[in-house]
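For reference, the structure is listed below as structure tokens.
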Amino acid sequence: MRRIGAVLLAVLAVTACSSSPAQDLPSTPATVAAPTTVSGQSLALKVDVVTGGLQHGWDVGFLPGGSMLVTQRPGRLALVRGTAVTQVQADFSDVWARGEGGLMGMVVHPDFAASRRFTTCQTHQEGGRAVDVRLVTWTLSADERSATKVRDLLTGLPVNQSGRHSGCRPEIAADGALLIGTGDTARPDVSQDRHSLGGKVLRIDLNTGAPLPDNPFISSADPNEQRIYSFGHRNIQGVAVRPGTGQVFVGEHGPTFDDEINLIRAGGNYGWDPSQGGTVDSYDEDVPMTDLQRFPDAVRPLWTSGDITEAICGAAFVSGPQWGALDGRLAVVALKGQKMLMFTVDPAGAVTEVYLPAEFDDTYGRLRAVRSGPDGALYVTTSDGNDDKLLRITPAA
């Protein structure tokens with residue numbers, strides 16, 4: 001319960017849309033209540049276990065026929081149909097499953113009904129050594145039993161041999177672009193280096209991997225820089241697009257403090273620089289997550305976890321009238337904190353309230369992914385490594 005209180009005290013109602021120079025973050029964050037009802041509507045949730053038997057379920061993709069694909073970090077792809085789980089046969093022999101790396105995020109292509117394509121994030125190894133993190137596009141067979149590699153969509157994302165800070169959460173933007181949140185691989189200069197794809201939000205063509213012509217650094221001669229949408233991030237684990245607005249929110253791991261929720265601005269610098277401007281060679285994790293002294297124009301976070309970390313991970317917007325007072329909230333799950341956080345955000349993107357459903361407080365272990373399904377329910381994966389679950393979340397009756 002101590003962690004819950006700390007999180008509720010760490011709401012920063014700071015808009016990231018301002019073009020004025022950033023100022024110091026509030027020294028006393030606003031206190032936000034966590035009611036169990038709003039305007040007489042219950043906020044209670046119903047949690048159903050869809051299936052178990054997974055191993056570090058990393059992400060969920062929804063197929064037109066009602067089946068789901070679940071990536072598993074060791075290099076396995078599960079097909080969930082109803083409560084039955086089968087393993088999709090695919091060649092993941094090149095996946096480097098170490099630490100935070102392996103088979104990670106995924107997106108099902110919007111034209112899947114015709115193309116049967118989906119794209120995964122995965123750590124790639126050759127000769128027993130990690131080479132990079134890359135995005136790979138696959139075709140799922142008509143019987144959903146096997147997948148065949150189509151192409152490497154994007155290669156060259158940096159990698160740490162330990163797998164640390166591999167990031168790699170993809171999401172389809174409102175305009176059809178592919179967004180990828182990446183990690184800084186625990187290297188000091190990566191986040192601020194616009195020639196590196198690490199510690200960034202990337203924006204590329206879903207079919208070709210090419211940078212999009214309206215990207216903020218498209219005039220650069222470097223194809224890597226052309227693909228960058230925002231930079232100065234530490235380790236993005238959640239990317240969510242707000243329905244009806246196209247706003248992009250990301251959840252980001254802090255070191256031992258200040259996990260962040262950020263609203264992404266094209267070309268924005270989010271202020272993480274463990275190299276201290278290139279003056280140190282070590283990975284200095286005592287620097288601020290958003291270093292406003294070094295980068296006065298850095299985009300400030302919407303929310304931070306304060307002097308603790310929850311290790312926030314997947315993010316998705318709750319959508320549909322069946323959710324009542326929770327409709328439109330940003331749901332974020334946590335690994336270390338073993339909870340779900342539901343953020344109320346105003347039209348500009350500022351966080352005004354955080355609600356922590358009691359149903360998730362240390363009940364289901366580490367939570368990795370949260371996705372909004374076509375049925376309006378939230379789907380959450382656990383990530384403890386032994387008999388991990390796929391959960392279905394709906395409003396309680």
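If you're wondering about the labels, chains in the structure tokens are A, B, ... by order shown, residues count from 1 in each chain, ligands from 1 in order shown.
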**OP:** From a DSSP pass on the backbone, collect the residues of range 201-300 of chain A flagged as strand (DSSP E) and hand them back as JSON, numbers by chain.
**Re:** {"A": [201, 202, 203, 204, 228, 229, 230, 231, 236, 237, 238, 239, 240, 241, 248, 249, 250, 251, 252, 260, 261, 262, 263]}
Subject >> Shell around Asp384 in chain A at 7 Å using only C-alpha atoms, local window under 3 positions removed, as a PyMOL selection string >> reply: chain A and resi 56+365-366+388
**OP:** Using only C-alpha atoms, find the one residue out of A:Gly181, A:Gly320, A:Gly268, A:Gly167 that sits nearest to Thr123 in chain A.
**Re:**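 For Thr123 in chain A, the nearest of the candidates is A:Gly167.
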Cut-off 12 Å: closest range 97-124 of chain A/range 89-92 of chain A atom pairs per residue, using only C-alpha atoms, as JSON lines:
```
{"residue": "A:Ala97", "atom": "CA", "partner": "A:Phe92", "partner_atom": "CA", "distance": 10.3}
{"residue": "A:Gly102", "atom": "CA", "partner": "A:Phe92", "partner_atom": "CA", "distance": 9.6}
{"residue": "A:Leu103", "atom": "CA", "partner": "A:Phe92", "partner_atom": "CA", "distance": 8.3}
{"residue": "A:Met104", "atom": "CA", "partner": "A:Phe92", "partner_atom": "CA", "distance": 11.9}
{"residue": "A:Thr120", "atom": "CA", "partner": "A:Phe92", "partner_atom": "CA", "distance": 11.0}
{"residue": "A:Cys121", "atom": "CA", "partner": "A:Phe92", "partner_atom": "CA", "distance": 11.6}
{"residue": "A:Gln122", "atom": "CA", "partner": "A:Phe92", "partner_atom": "CA", "distance": 9.1}
{"residue": "A:Thr123", "atom": "CA", "partner": "A:Phe92", "partner_atom": "CA", "distance": 10.1}
{"residue": "A:His124", "atom": "CA", "partner": "A:Phe92", "partner_atom": "CA", "distance": 9.3}
```
Could the residues in this selection be saved with all heavy atoms as a compact mmCIF listing (two decimals), in the first residue's frame?
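In the end it all went to selection39.txt:
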```
# COMPACT_ATOMS: atom_id res chain seq x y z
N ALA A 97 17.43 -14.07 -26.60
CA ALA A 97 16.60 -13.90 -25.42
C ALA A 97 17.49 -13.81 -24.20
O ALA A 97 17.86 -14.82 -23.60
CB ALA A 97 15.61 -15.05 -25.29
N GLY A 102 14.58 -10.13 -26.43
CA GLY A 102 13.99 -11.37 -26.93
C GLY A 102 12.93 -11.03 -27.96
O GLY A 102 13.06 -10.06 -28.71
N LEU A 103 11.87 -11.82 -28.00
CA LEU A 103 10.73 -11.52 -28.86
C LEU A 103 9.82 -10.60 -28.06
O LEU A 103 9.29 -10.98 -27.02
CB LEU A 103 10.00 -12.81 -29.25
CG LEU A 103 8.84 -12.67 -30.22
CD1 LEU A 103 9.27 -12.05 -31.54
CD2 LEU A 103 8.16 -14.02 -30.46
N MET A 104 9.64 -9.38 -28.56
CA MET A 104 9.02 -8.34 -27.73
C MET A 104 7.70 -7.87 -28.32
O MET A 104 6.78 -8.65 -28.46
CB MET A 104 10.04 -7.21 -27.54
CG MET A 104 11.29 -7.68 -26.80
SD MET A 104 12.58 -6.42 -26.65
CE MET A 104 13.26 -6.40 -28.32
N THR A 120 6.85 -7.90 -35.73
CA THR A 120 7.36 -8.07 -34.37
C THR A 120 8.64 -7.26 -34.17
O THR A 120 9.37 -6.96 -35.11
CB THR A 120 7.68 -9.55 -34.09
OG1 THR A 120 8.65 -10.01 -35.04
CG2 THR A 120 6.44 -10.40 -34.18
N CYS A 121 8.91 -6.93 -32.90
CA CYS A 121 10.20 -6.40 -32.46
C CYS A 121 10.97 -7.57 -31.86
O CYS A 121 10.42 -8.32 -31.04
CB CYS A 121 10.02 -5.35 -31.37
SG CYS A 121 9.64 -3.71 -31.95
N GLN A 122 12.23 -7.72 -32.22
CA GLN A 122 13.00 -8.83 -31.65
C GLN A 122 14.50 -8.54 -31.64
O GLN A 122 15.00 -7.80 -32.48
CB GLN A 122 12.72 -10.12 -32.42
CG GLN A 122 12.88 -10.04 -33.91
CD GLN A 122 12.23 -11.23 -34.62
OE1 GLN A 122 11.00 -11.31 -34.74
NE2 GLN A 122 13.06 -12.16 -35.08
N THR A 123 15.16 -9.10 -30.64
CA THR A 123 16.61 -8.99 -30.56
C THR A 123 17.22 -10.04 -31.47
O THR A 123 16.87 -11.21 -31.39
CB THR A 123 17.11 -9.23 -29.13
OG1 THR A 123 16.09 -8.85 -28.20
CG2 THR A 123 18.32 -8.39 -28.84
N HIS A 124 18.13 -9.62 -32.34
CA HIS A 124 18.67 -10.50 -33.36
C HIS A 124 20.10 -10.90 -33.00
O HIS A 124 20.92 -10.08 -32.62
CB HIS A 124 18.66 -9.78 -34.71
CG HIS A 124 19.25 -10.58 -35.83
ND1 HIS A 124 18.61 -11.65 -36.39
CD2 HIS A 124 20.44 -10.45 -36.49
CE1 HIS A 124 19.37 -12.15 -37.36
NE2 HIS A 124 20.48 -11.45 -37.44
```
Original post:
In terms of the shortest atom-to-atom distance over only C-alpha atoms, which of A:Asp175, A:Ala113, A:Val88, A:Val250 is closest to Ala147 in chain A?
Top reply: A:Val88
Subject >> Residue nearest Leu45 in chain A among A:Ala325, A:Leu330, A:Ala114, A:Gly385 (counting only C-alpha atoms) >> reply: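 Among A:Ala325, A:Leu330, A:Ala114, A:Gly385, it is A:Ala325 that comes nearest to Leu45 in chain A.
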**OP:** Go through A:Asp291, A:Asp193, A:Asp48, A:Asp59 and flag the residue nearest Val370 in chain A, using only C-alpha atoms for the distances.
**Re:**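 Comparing A:Asp291, A:Asp193, A:Asp48, A:Asp59 against Val370 in chain A, the winner is A:Asp59.
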Could you pull the residues within 7 Å of Pro188 in chain A, counting only C-alpha atoms, minus those fewer than 6 positions along the same chain, as a PDB file with all heavy atoms, in the first residue's frame?
```pdb
ATOM      1  N   ASP A 273      19.922  12.220 -20.367  1.00  0.00           N
ATOM      2  CA  ASP A 273      21.303  12.302 -20.859  1.00  0.00           C
ATOM      3  C   ASP A 273      22.282  11.803 -19.800  1.00  0.00           C
ATOM      4  O   ASP A 273      22.922  12.598 -19.098  1.00  0.00           O
ATOM      5  CB  ASP A 273      21.649  13.740 -21.248  1.00  0.00           C
ATOM      6  CG  ASP A 273      23.056  13.855 -21.825  1.00  0.00           C
ATOM      7  OD1 ASP A 273      23.608  12.815 -22.262  1.00  0.00           O
ATOM      8  OD2 ASP A 273      23.600  14.969 -21.834  1.00  0.00           O
ATOM      9  N   PRO A 274      22.426  10.476 -19.671  1.00  0.00           N
ATOM     10  CA  PRO A 274      23.362   9.933 -18.671  1.00  0.00           C
ATOM     11  C   PRO A 274      24.823  10.162 -19.018  1.00  0.00           C
ATOM     12  O   PRO A 274      25.696   9.821 -18.223  1.00  0.00           O
ATOM     13  CB  PRO A 274      23.016   8.441 -18.647  1.00  0.00           C
ATOM     14  CG  PRO A 274      22.415   8.172 -19.971  1.00  0.00           C
ATOM     15  CD  PRO A 274      21.689   9.423 -20.375  1.00  0.00           C
ATOM     16  N   SER A 275      25.117  10.747 -20.180  1.00  0.00           N
ATOM     17  CA  SER A 275      26.505  11.088 -20.515  1.00  0.00           C
ATOM     18  C   SER A 275      26.887  12.467 -20.012  1.00  0.00           C
ATOM     19  O   SER A 275      28.045  12.882 -20.137  1.00  0.00           O
ATOM     20  CB  SER A 275      26.709  11.049 -22.037  1.00  0.00           C
ATOM     21  OG  SER A 275      26.162  12.205 -22.662  1.00  0.00           O
ATOM     22  N   ASP A 281      31.963   8.962 -19.512  1.00  0.00           N
ATOM     23  CA  ASP A 281      31.841   7.758 -20.326  1.00  0.00           C
ATOM     24  C   ASP A 281      30.942   6.716 -19.675  1.00  0.00           C
ATOM     25  O   ASP A 281      30.518   5.768 -20.341  1.00  0.00           O
ATOM     26  CB  ASP A 281      33.218   7.135 -20.582  1.00  0.00           C
ATOM     27  CG  ASP A 281      34.105   8.044 -21.414  1.00  0.00           C
ATOM     28  OD1 ASP A 281      33.566   8.762 -22.279  1.00  0.00           O
ATOM     29  OD2 ASP A 281      35.337   8.033 -21.192  1.00  0.00           O
ATOM     30  N   SER A 282      30.684   6.873 -18.383  1.00  0.00           N
ATOM     31  CA  SER A 282      29.865   5.898 -17.665  1.00  0.00           C
ATOM     32  C   SER A 282      28.391   6.246 -17.825  1.00  0.00           C
ATOM     33  O   SER A 282      28.034   7.364 -18.216  1.00  0.00           O
ATOM     34  CB  SER A 282      30.243   5.877 -16.183  1.00  0.00           C
ATOM     35  OG  SER A 282      29.995   7.153 -15.601  1.00  0.00           O
ATOM     36  N   TYR A 283      27.538   5.285 -17.508  1.00  0.00           N
ATOM     37  CA  TYR A 283      26.087   5.460 -17.605  1.00  0.00           C
ATOM     38  C   TYR A 283      25.598   6.011 -16.269  1.00  0.00           C
ATOM     39  O   TYR A 283      25.276   5.267 -15.345  1.00  0.00           O
ATOM     40  CB  TYR A 283      25.448   4.117 -17.937  1.00  0.00           C
ATOM     41  CG  TYR A 283      23.979   4.160 -18.264  1.00  0.00           C
ATOM     42  CD1 TYR A 283      23.512   4.796 -19.410  1.00  0.00           C
ATOM     43  CD2 TYR A 283      23.051   3.520 -17.442  1.00  0.00           C
ATOM     44  CE1 TYR A 283      22.163   4.813 -19.725  1.00  0.00           C
ATOM     45  CE2 TYR A 283      21.705   3.522 -17.747  1.00  0.00           C
ATOM     46  CZ  TYR A 283      21.259   4.173 -18.889  1.00  0.00           C
ATOM     47  OH  TYR A 283      19.913   4.182 -19.196  1.00  0.00           O
TER      48      TYR A 283
END
```
